[in-house]
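Taking it in order: structure first as structure tokens, then the write-up.
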Amino acid sequence: MSDRGALKCLSHGQKVPYWQLNEFDRFKALVSRFRLAPLVTTSYRSINKIIVSGFVESWQPETNTFHMPFGEMTITLDDVASILGIPVMGRTVSFNERMTYEEAQALLVDALEVESTEAHEEHMKSWCKYGANLLDWSGYGKGFVSDDDGDEMVDCAIRAYLLYLFGCTLFTYKSGTRVPIIFLTVMVDLEVVHSYAWGTAALSYLYRQLGLATRHEVKQIAGYLTLLEAWVCEHFECLTPTPNIYYQSDQPRVHRWVPRSESVLLQGLRGKLDSMSTDLLTWDPYRDVRQYHPFNEVAYYCG
């Protein structure tokens with residue numbers, strides 16, 4: 001079997017700043033209330049495809065763990081909470097992934113007040129079938145709404161922003177610049193958005209994307225790859241990640257590292273991982289900063 005080489009890493013963290021929140025106090029207050037504010041700044045601008053590809057090769061979908069020479073490891077809910085600073089406890093993010101065109105159209109009209117007219121029909125069909133294009137939403141925050149607008153318009157804009165933010169971060173989609181509009185189903189009632197365990201949903205989604213990427217015919221990987229790369233930095237300091245000298249202990253741990261471009265070949269990383277031993281790992285990188293990154297008992301859950 002031929003070597004497929006490094007995977008294409010689908011990452012849109014660099015797009016998050018396209019939608020500026022500086023001028024919208026109501027927007028910023030809502031994002032903070034939803035406990036999702038850290039996502040505005042957590043994404044690495046570029047993802048190290050060698051690191052991602054090397055660890056994908058050791059991933060086992062049957063157990064959702066990395067199989068290493070000394071045993072198994074995985075990304076836990078404790079890692080997610082510490083690295084990203086978003087909630088891992090709360091309501092389950094779940095929905096039926098299959099929607100009819102009529103259901104999707106009704107959702108867009110209800111959640112975003114998209115006009116259901118013949119002029120918009122082709123656009124809506126594209127959104128319903130392939131997902132909404134992220135760049136379609138970035139314009140929503142550039143003059144279309146302000147703090148002076150009514151509650152309904154601001155609510156629609158914040159749903160669009162959350163869809164945009166999720167598509168750029170936690171739920172990066174396989175089709176590149178699109179995000180499934182199905183996520184709008186858990187945003188219709190903005191009063192409960194803060195109660196969802198978004199970190200848990202993101203980890204589950206990343207597990208699924210890692211599993212898909214293990215297939216030899218697959219050439220790319222989606223999911224929040226910043227989380228994966230930061231996890232590697234935290235637990236595998238033997239791979240010499242670059243520390244951020246300006247990092248403060250109360251910040252999400254993702255900011256502890258400076259992302260860097262590929263400095264080794266994939267073959268070289270394979271050799272390092274194949275010879276890895278337990279004494280080279282940092283098993284609990286958050287032990288000395290638990291006052292800032294407390295351990296949640298839900299992190300014990302595995303299943």
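Following the order of the structure tokens, first chain is A, next is B, and so on, with residues numbered from 1 inside each chain and ligands from 1 in the order they appear.
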message = Show me, as a PyMOL selection string, the residues that have an atom within 12 Å of Glu62 in chain A when counting only C-alpha atoms, minus same-chain residues fewer than 2 positions from it.
response = chain A and resi 59-60+64-67+207-208+210-212+214+303
May I have the selected residues written with N, CA and C atoms, as a short mmCIF file (atom, residue, chain, number, x, y, z; two decimals), in the first residue's frame?
```cif
data_model
loop_
_atom_site.label_atom_id
_atom_site.label_comp_id
_atom_site.auth_asym_id
_atom_site.auth_seq_id
_atom_site.Cartn_x
_atom_site.Cartn_y
_atom_site.Cartn_z
N TRP A 59 -4.14 6.59 15.54
CA TRP A 59 -5.50 6.63 16.09
C TRP A 59 -6.25 5.34 15.76
N GLN A 60 -6.97 4.82 16.76
CA GLN A 60 -7.78 3.62 16.58
C GLN A 60 -9.25 3.98 16.79
N ASN A 64 -11.23 4.98 20.16
CA ASN A 64 -11.04 6.43 20.24
C ASN A 64 -9.81 6.79 21.07
N THR A 65 -8.72 6.09 20.78
CA THR A 65 -7.46 6.34 21.48
C THR A 65 -6.30 6.30 20.50
N PHE A 66 -5.21 6.95 20.90
CA PHE A 66 -3.96 6.84 20.16
C PHE A 66 -3.21 5.63 20.69
N HIS A 67 -2.84 4.70 19.82
CA HIS A 67 -2.08 3.52 20.22
C HIS A 67 -0.59 3.84 20.11
N TYR A 207 -13.27 13.25 17.56
CA TYR A 207 -13.09 11.79 17.55
C TYR A 207 -13.56 11.21 16.22
N ARG A 208 -14.74 11.66 15.80
CA ARG A 208 -15.31 11.14 14.55
C ARG A 208 -14.44 11.48 13.35
N LEU A 210 -11.22 12.11 13.36
CA LEU A 210 -9.98 11.33 13.45
C LEU A 210 -10.22 9.92 12.90
N GLY A 211 -11.37 9.35 13.26
CA GLY A 211 -11.69 8.01 12.76
C GLY A 211 -11.81 7.98 11.25
N LEU A 212 -12.48 8.97 10.68
CA LEU A 212 -12.62 9.03 9.23
C LEU A 212 -11.27 9.20 8.55
N THR A 214 -8.45 8.04 9.37
CA THR A 214 -7.59 6.86 9.40
C THR A 214 -7.74 6.01 8.14
N GLY A 303 -16.78 6.55 27.02
CA GLY A 303 -17.81 5.74 26.41
C GLY A 303 -18.37 6.40 25.17
#
```
inquiry  = Need the shell around range 2-12 of chain A: protein/DNA/RNA residues with any atom at most 9 Å away, counting only C-alpha atoms. Skip same-chain ones fewer than 6 positions apart. Format as a ChimeraX atom specification?
reply    = /A:43-50,52-54,167-169,172-177,213,216-226,266
Filtering to N, CA and C atoms, could you give me those residues as a CSV table (one decimal), in the first residue's frame?
```csv
chain,number,residue,atom,x,y,z
A,43,SER,N,-8.0,29.9,18.2
A,43,SER,CA,-7.6,29.2,17.0
A,43,SER,C,-6.2,29.6,16.6
A,44,TYR,N,-5.4,28.5,16.2
A,44,TYR,CA,-4.1,28.8,15.6
A,44,TYR,C,-4.3,29.2,14.2
A,45,ARG,N,-3.5,30.1,13.7
A,45,ARG,CA,-3.7,30.6,12.3
A,45,ARG,C,-3.3,29.6,11.3
A,46,SER,N,-2.4,28.7,11.6
A,46,SER,CA,-2.1,27.6,10.7
A,46,SER,C,-1.9,26.3,11.6
A,47,ILE,N,-2.2,25.2,11.0
A,47,ILE,CA,-2.1,23.9,11.6
A,47,ILE,C,-0.9,23.1,11.1
A,48,ASN,N,-0.2,22.5,12.0
A,48,ASN,CA,1.0,21.7,11.6
A,48,ASN,C,0.5,20.3,11.1
A,49,LYS,N,0.5,20.2,9.8
A,49,LYS,CA,-0.1,19.0,9.2
A,49,LYS,C,0.8,17.8,9.4
A,50,ILE,N,2.1,17.9,9.7
A,50,ILE,CA,2.9,16.8,10.1
A,50,ILE,C,2.5,16.2,11.4
A,52,VAL,N,-0.4,16.6,13.0
A,52,VAL,CA,-1.7,16.0,12.8
A,52,VAL,C,-1.7,14.7,12.1
A,53,SER,N,-1.0,14.6,11.0
A,53,SER,CA,-0.9,13.4,10.2
A,53,SER,C,-0.3,12.2,11.0
A,54,GLY,N,0.8,12.6,11.7
A,54,GLY,CA,1.5,11.5,12.5
A,54,GLY,C,0.7,10.9,13.6
A,167,GLY,N,-18.4,27.0,12.7
A,167,GLY,CA,-17.9,26.5,11.4
A,167,GLY,C,-16.4,26.8,11.3
A,168,CYS,N,-15.9,27.9,12.0
A,168,CYS,CA,-14.5,28.2,11.9
A,168,CYS,C,-13.7,27.5,13.0
A,169,THR,N,-14.4,27.0,14.0
A,169,THR,CA,-13.6,26.4,15.1
A,169,THR,C,-14.0,25.0,15.4
A,172,THR,N,-15.4,22.4,12.3
A,172,THR,CA,-14.9,22.6,10.9
A,172,THR,C,-15.4,21.5,10.1
A,173,TYR,N,-16.0,21.8,8.9
A,173,TYR,CA,-16.7,20.8,8.1
A,173,TYR,C,-15.8,20.3,7.0
A,174,LYS,N,-16.1,19.1,6.5
A,174,LYS,CA,-15.3,18.4,5.5
A,174,LYS,C,-15.4,19.1,4.2
A,175,SER,N,-16.5,19.9,3.9
A,175,SER,CA,-16.6,20.6,2.6
A,175,SER,C,-15.8,21.9,2.6
A,176,GLY,N,-15.0,22.1,3.5
A,176,GLY,CA,-14.1,23.3,3.4
A,176,GLY,C,-14.7,24.5,4.1
A,177,THR,N,-15.3,25.4,3.3
A,177,THR,CA,-15.8,26.7,3.9
A,177,THR,C,-17.2,26.7,4.2
A,213,ALA,N,-10.4,10.0,9.2
A,213,ALA,CA,-9.1,10.3,8.6
A,213,ALA,C,-8.1,9.1,8.6
A,216,HIS,N,-7.4,4.9,4.5
A,216,HIS,CA,-6.3,5.2,3.6
A,216,HIS,C,-6.7,6.1,2.4
A,217,GLU,N,-7.9,5.9,2.0
A,217,GLU,CA,-8.3,6.7,0.8
A,217,GLU,C,-8.6,8.2,1.1
A,218,VAL,N,-8.7,8.5,2.4
A,218,VAL,CA,-9.1,9.8,2.8
A,218,VAL,C,-7.8,10.7,2.8
A,219,LYS,N,-7.9,11.9,2.3
A,219,LYS,CA,-6.7,12.7,2.1
A,219,LYS,C,-6.8,14.0,2.9
A,220,GLN,N,-7.9,14.2,3.7
A,220,GLN,CA,-8.0,15.4,4.5
A,220,GLN,C,-8.7,15.1,5.8
A,221,ILE,N,-8.6,16.1,6.7
A,221,ILE,CA,-9.2,15.9,8.0
A,221,ILE,C,-9.9,17.2,8.5
A,222,ALA,N,-11.1,17.1,9.1
A,222,ALA,CA,-11.8,18.3,9.6
A,222,ALA,C,-11.8,18.2,11.1
A,223,GLY,N,-12.7,19.0,11.8
A,223,GLY,CA,-12.7,19.0,13.2
A,223,GLY,C,-11.8,20.1,13.7
A,224,TYR,N,-11.8,20.4,15.0
A,224,TYR,CA,-11.0,21.5,15.6
A,224,TYR,C,-9.6,21.0,15.8
A,225,LEU,N,-8.8,21.2,14.8
A,225,LEU,CA,-7.4,20.7,14.9
A,225,LEU,C,-6.5,21.5,15.8
A,226,THR,N,-6.9,22.7,16.1
A,226,THR,CA,-6.2,23.5,17.1
A,226,THR,C,-6.1,22.7,18.4
A,266,LEU,N,7.4,13.9,7.9
A,266,LEU,CA,6.4,12.9,8.5
A,266,LEU,C,7.1,11.6,8.9
```
ask   = What are the DSSP strand (DSSP E or B) residues of range 231-300 of chain A, as number ranges by chain?
value = A: 242-243, 257-258
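The space separating CA of Pro87 in chain A from CA of Phe183 in chain A comes to 17.3 Å.
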query = Residues of range 29-130 of chain A in alpha helix (DSSP H) according to DSSP, as a count of residues only?
reply = 50
query = Could you state the separation of CA of His293 in chain A and CA of Ile51 in chain A in Å, given to one decimal place?
reply = 25.2 Å
key: Nearby residues (only C-alpha atoms) at most 6 Å from range 247-260 of chain A, same-chain spacing under 2 positions excluded, as a list in words   = Ser82, Ile83, Leu84, Gly85, Ala230, Thr242, Pro243, Asn244, Ile245 and Tyr292 of chain A
query = From the list A:Tyr161, A:Phe70, A:Phe166, A:Phe95, which residue is nearest Ala111 in chain A when using only C-alpha atoms?
reply = A:Tyr161
